[in-house]
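S.K.: Here you go, one structure.
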Amino acid sequence: MEQKKPTMLSEIGEFGLIDRLTSNRKLVHTSSIKAVGDDAAVIDAGDHCMLVTTDLLVEGIHFNLVYTPLKHLGYKAVSVNVSDIYAMNAEPRQITVSIAVSGKFSLQALEELYSGIYMACDKYNVDLVGGDTSSSVTGLTLSITAIGVAKREEIVYRSGAQTNDLICVSGDLGAAYIGLQLLEREKAIFEKDPSLQPDLEGHDYIVGRQLKPEARGDIIKLLKEHKIQPTAMIDISDGLSSEILHICKNSDKGCRIYQEKIPIDHTTALMAEEFNIEPLICALHGGEDYELLFTVPLRDFDKVKELKEIHIIGKVMDKEENALMVSSGGNTIQLRAQGWDGLAER
Ligand code: ADP
Ligand code: MG
């Protein structure tokens with residue numbers, strides 16, 4: 001009998017795998033309004049909806065404890081989950097925290113991790129309501145689930161973008177990635193010669209963006225205050241390019257973004273130059289910025305242009321127009337997803 005060759009996960013990638021594992025499954029409850037495929041699942045809870053999202057952080061894959069203080073790790077783990085709740089235009093309410101720890105961790109180390117988790121709970125106004133604890137053979141694995149609420153009509157999906165909508169992004173991009181490059185460089189120097197101390201002086205912003213990202217609940221509040229309801233939204237965990245393509249694919253649209261409109265902090269650009277990396281590449285493919293990428297109707301242009309934390313970077317087009325970036329030199333470049341893929345060959 002002919003044996004079928006097993007498919008390597010690196011051949012299909014993270015999103016290909018999720019699709020293969022989940023796309024043929026039918027939902028049995030009408031309360032499951034949105035299942036797999038957005039930043040959070042949406043569940044009908046009567047007069048409102050509940051939102052649920054999970055993220056998994058694995059030592060050696062998502063974080064390196066050589067330069068990640070446990071308190072920062074706890075804070076970041078909550079932030080990245082809450083960010084997915086905000087990306088649905090919802091309000092976070094509760095989290096659960098599950099950990100698997102090896103014998104190298106002490107009580108004090110885990111208390112340090114939890115001090116970061118609780119700091120984030122205070123910041124985002126959420127309660128820790130449970131979790132699970134296990135031992136592990138090597139290192140630390142941390143999984144957080146966040147639960148949020150929203151009125152059904154306020155929820156924003158990746159799929160709602162309309163032709164001619166404005167494409168907007170909050171804050172600035174690429175800093176978390178270049179901060180990681182700096183931390184990795186200093187780690188390598190230290191490992192070669194432990195008498196040399198890491199030189200992070202003057203790089204607080206980019207290092208902070210990597211180690212202690214903030215979920216942009218302030219942007220959700222700002223949009224509500226100005227009565228701006230996005231048509232589609234996603235948070236930027238894998239890089240601008242990958243996330244725009246998610247919105248385009250789910251909305252069945254194309255887009256045009258403009259290189260010169262992409263917000264990049266000057267400290268990001270300076271450090272990128274030091275590494276001989278185009279700052280643009282950090283913004284398009286770096287990831288972990290946890291800014292919000294969203295689309296708004298053209299009629300909101302006057303309102304949005306007054307908000308200095310929000311940058312209009314392009315517009316939604318018909319699908320046939322493709323997903324393109326106009327470079328500063330005037331060339332058009334096809335947008336590609338080259339950001340973080342959890343299953344890419346390493
Ligand atoms: P995000 O980057 O916003 O956290 P992901 O890219 O991790 O989202 O996940 C995309 C979608 O796939 C989400 O709806 C998520 O719940 C779902 N998903 C991811 N992994 C699995 C899995 N192993 N089984 C079922 N659903 C999954
Ligand atoms: Mg997300």
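Going through the structure tokens in order, the chains are called A, B, and so on, while each chain numbers its residues from 1 and the ligands are numbered from 1 in the order shown.
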Would you mind listing the residues within 10 Å of ligand 2, counting only C-alpha atoms and all ligand atoms, as an MDAnalysis selection string?
M.R.: chainID A and resid 37:40 53:55 80:88 158 233:238 243 290:292
S.K.: Which neighbours of A:Gly286 fall inside 6 Å, counting only C-alpha atoms, when residues of the same chain fewer than 3 positions from it are skipped, and could you give them as number ranges by chain?
M.R.: A: 174, 177, 239, 282-283
S.K.: Keeping only N, CA, C and O atoms, take the residues you just selected and write them out as a JSON list (two decimals), in the first residue's frame.
M.R.:
[["chain", "number", "residue", "atom", "x", "y", "z"],
["A", 174, "GLY", "N", 7.44, 49.38, 14.38],
["A", 174, "GLY", "CA", 8.81, 48.91, 14.16],
["A", 174, "GLY", "C", 9.71, 48.98, 15.39],
["A", 174, "GLY", "O", 10.78, 48.36, 15.41],
["A", 177, "TYR", "N", 10.45, 45.59, 17.31],
["A", 177, "TYR", "CA", 11.37, 44.70, 16.58],
["A", 177, "TYR", "C", 12.81, 45.17, 16.72],
["A", 177, "TYR", "O", 13.71, 44.37, 17.01],
["A", 239, "GLY", "N", 3.25, 42.40, 12.36],
["A", 239, "GLY", "CA", 3.75, 43.35, 11.36],
["A", 239, "GLY", "C", 2.62, 43.91, 10.52],
["A", 239, "GLY", "O", 1.64, 43.22, 10.22],
["A", 282, "CYS", "N", 11.20, 47.14, 9.35],
["A", 282, "CYS", "CA", 10.81, 46.92, 10.76],
["A", 282, "CYS", "C", 9.31, 47.15, 10.93],
["A", 282, "CYS", "O", 8.63, 46.40, 11.64],
["A", 283, "ALA", "N", 8.80, 48.21, 10.29],
["A", 283, "ALA", "CA", 7.38, 48.55, 10.44],
["A", 283, "ALA", "C", 6.49, 47.53, 9.72],
["A", 283, "ALA", "O", 5.46, 47.11, 10.24]]
S.K.: Based on DSSP run over this structure's backbone, return all residues of stretch 47-189 of chain A in alpha helix (DSSP H), as a count of residues only.
M.R.: 50
S.K.: Would you compute the distance between atom 23 (N, counted along the ligand's line) of ligand 1 and atom CA of A:Leu56? Give it in Å to one decimal.
M.R.: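 If I compute the distance from atom 23 (N, counted along the ligand's line) of ligand 1 to atom CA of A:Leu56, I get 10.3 Å.
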S.K.: Which distance in Å separates atom CA of A:Leu57 and atom CA of A:Leu140, to one decimal?
M.R.: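 These two atoms are separated by 8.4 Å.
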S.K.: To one decimal place, how far is atom CA of A:Thr267 from atom CA of A:Gly314 in Å?
M.R.: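 Distance reported for this atom pair: 23.8 Å.
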S.K.: Go through stretch 268-343 of chain A and collect every residue that DSSP, computed from the backbone, puts in strand (DSSP E); the answer should be as a compact mmCIF listing (two decimals) with C-alpha atoms, in the first residue's frame.
M.R.:
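The resulting file, result-v9.txt, is reproduced below:
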# COMPACT_ATOMS: atom_id res chain seq x y z
CA LEU A 292 -4.36 49.07 16.27
CA LEU A 293 -4.86 48.95 12.51
CA PHE A 294 -8.38 49.90 11.44
CA THR A 295 -10.50 51.28 8.64
CA VAL A 296 -13.02 54.11 8.90
CA ILE A 310 -3.86 58.21 14.68
CA HIS A 311 -2.25 58.17 11.25
CA ILE A 312 -4.08 57.74 7.97
CA ILE A 313 -1.78 55.54 5.88
CA GLY A 314 -3.90 54.63 2.87
CA LYS A 315 -7.27 53.50 1.60
CA VAL A 316 -9.27 50.38 0.94
CA MET A 317 -9.64 49.44 -2.74
CA ASP A 318 -11.60 46.86 -4.68
CA ALA A 323 -2.81 45.04 -1.87
CA LEU A 324 -0.07 47.50 -2.76
CA MET A 325 2.27 49.97 -1.11
CA VAL A 326 3.33 53.13 -2.95
CA THR A 332 4.14 50.29 -6.29
CA ILE A 333 5.11 47.19 -4.34
CA GLN A 334 2.96 44.15 -3.63
S.K.: Here is a test: counting only C-alpha atoms and all ligand atoms, which residue of A:Gly287, A:Gly160, A:Gly329, A:Gly131 is nearest to ligand 1?
M.R.: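 Of A:Gly287, A:Gly160, A:Gly329, A:Gly131, the one nearest ligand 1, counting only C-alpha atoms and all ligand atoms, is A:Gly287.
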S.K.: What's the 8 Å shell around A:Lys253, counting only C-alpha atoms, without same-chain residues fewer than 4 positions away, as an mmCIF file with N, CA and C atoms, in the first residue's frame?
M.R.:
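around.cif was written with the following content:
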data_model
loop_
_atom_site.group_PDB
_atom_site.id
_atom_site.type_symbol
_atom_site.label_atom_id
_atom_site.label_comp_id
_atom_site.auth_asym_id
_atom_site.auth_seq_id
_atom_site.Cartn_x
_atom_site.Cartn_y
_atom_site.Cartn_z
ATOM 1 N N ALA A 161 -14.238 45.985 6.171
ATOM 2 C CA ALA A 161 -13.694 47.119 5.396
ATOM 3 C C ALA A 161 -14.459 47.306 4.086
ATOM 4 N N GLN A 162 -14.727 48.569 3.751
ATOM 5 C CA GLN A 162 -15.458 48.905 2.525
ATOM 6 C C GLN A 162 -14.545 49.687 1.586
ATOM 7 N N THR A 163 -14.762 49.523 0.286
ATOM 8 C CA THR A 163 -13.970 50.271 -0.697
ATOM 9 C C THR A 163 -14.048 51.766 -0.395
ATOM 10 N N ILE A 247 -6.963 41.930 6.950
ATOM 11 C CA ILE A 247 -8.169 42.759 6.755
ATOM 12 C C ILE A 247 -8.645 42.649 5.302
ATOM 13 N N CYS A 248 -7.693 42.743 4.355
ATOM 14 C CA CYS A 248 -8.068 42.675 2.932
ATOM 15 C C CYS A 248 -8.714 41.323 2.611
ATOM 16 N N LYS A 249 -8.091 40.252 3.073
ATOM 17 C CA LYS A 249 -8.602 38.906 2.771
ATOM 18 C C LYS A 249 -9.985 38.710 3.381
ATOM 19 N N VAL A 316 -8.796 51.699 1.365
ATOM 20 C CA VAL A 316 -9.269 50.379 0.937
ATOM 21 C C VAL A 316 -9.680 50.477 -0.531
ATOM 22 N N MET A 317 -9.317 49.463 -1.309
ATOM 23 C CA MET A 317 -9.639 49.439 -2.741
ATOM 24 C C MET A 317 -10.457 48.179 -3.041
ATOM 25 N N ASP A 318 -10.968 48.110 -4.266
ATOM 26 C CA ASP A 318 -11.601 46.856 -4.679
ATOM 27 C C ASP A 318 -10.528 45.759 -4.722
ATOM 28 N N LYS A 319 -10.977 44.532 -4.580
ATOM 29 C CA LYS A 319 -10.061 43.390 -4.531
ATOM 30 C C LYS A 319 -9.151 43.324 -5.768
ATOM 31 N N GLU A 320 -9.734 43.642 -6.944
ATOM 32 C CA GLU A 320 -8.989 43.541 -8.207
ATOM 33 C C GLU A 320 -7.776 44.481 -8.227
ATOM 34 N N ASN A 322 -5.611 44.770 -5.945
ATOM 35 C CA ASN A 322 -4.526 44.154 -5.155
ATOM 36 C C ASN A 322 -4.195 44.934 -3.878
#
S.K.: Compare A:Ile12, A:Leu142, A:Val42, A:Met119 by their minimum atom-to-atom distance to ligand 1, counting only C-alpha atoms and all ligand atoms, and give me the closest one.
M.R.: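 Closest to ligand 1 of all the choices is A:Val42.
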S.K.: Find, counting only C-alpha atoms and all ligand atoms, the residue in A:Ile61, A:Ala146, A:Leu183, A:Val97 that gets nearest to ligand 1.
M.R.: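 Ranking A:Ile61, A:Ala146, A:Leu183, A:Val97 by distance to ligand 1, first place goes to A:Ala146.
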S.K.: Looking at A:Asn331, A:Thr141, A:Ser242, A:Gln197, which one is nearest to ligand 1, with distances taken over only C-alpha atoms and all ligand atoms?
M.R.: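 Closest candidate: A:Ser242.
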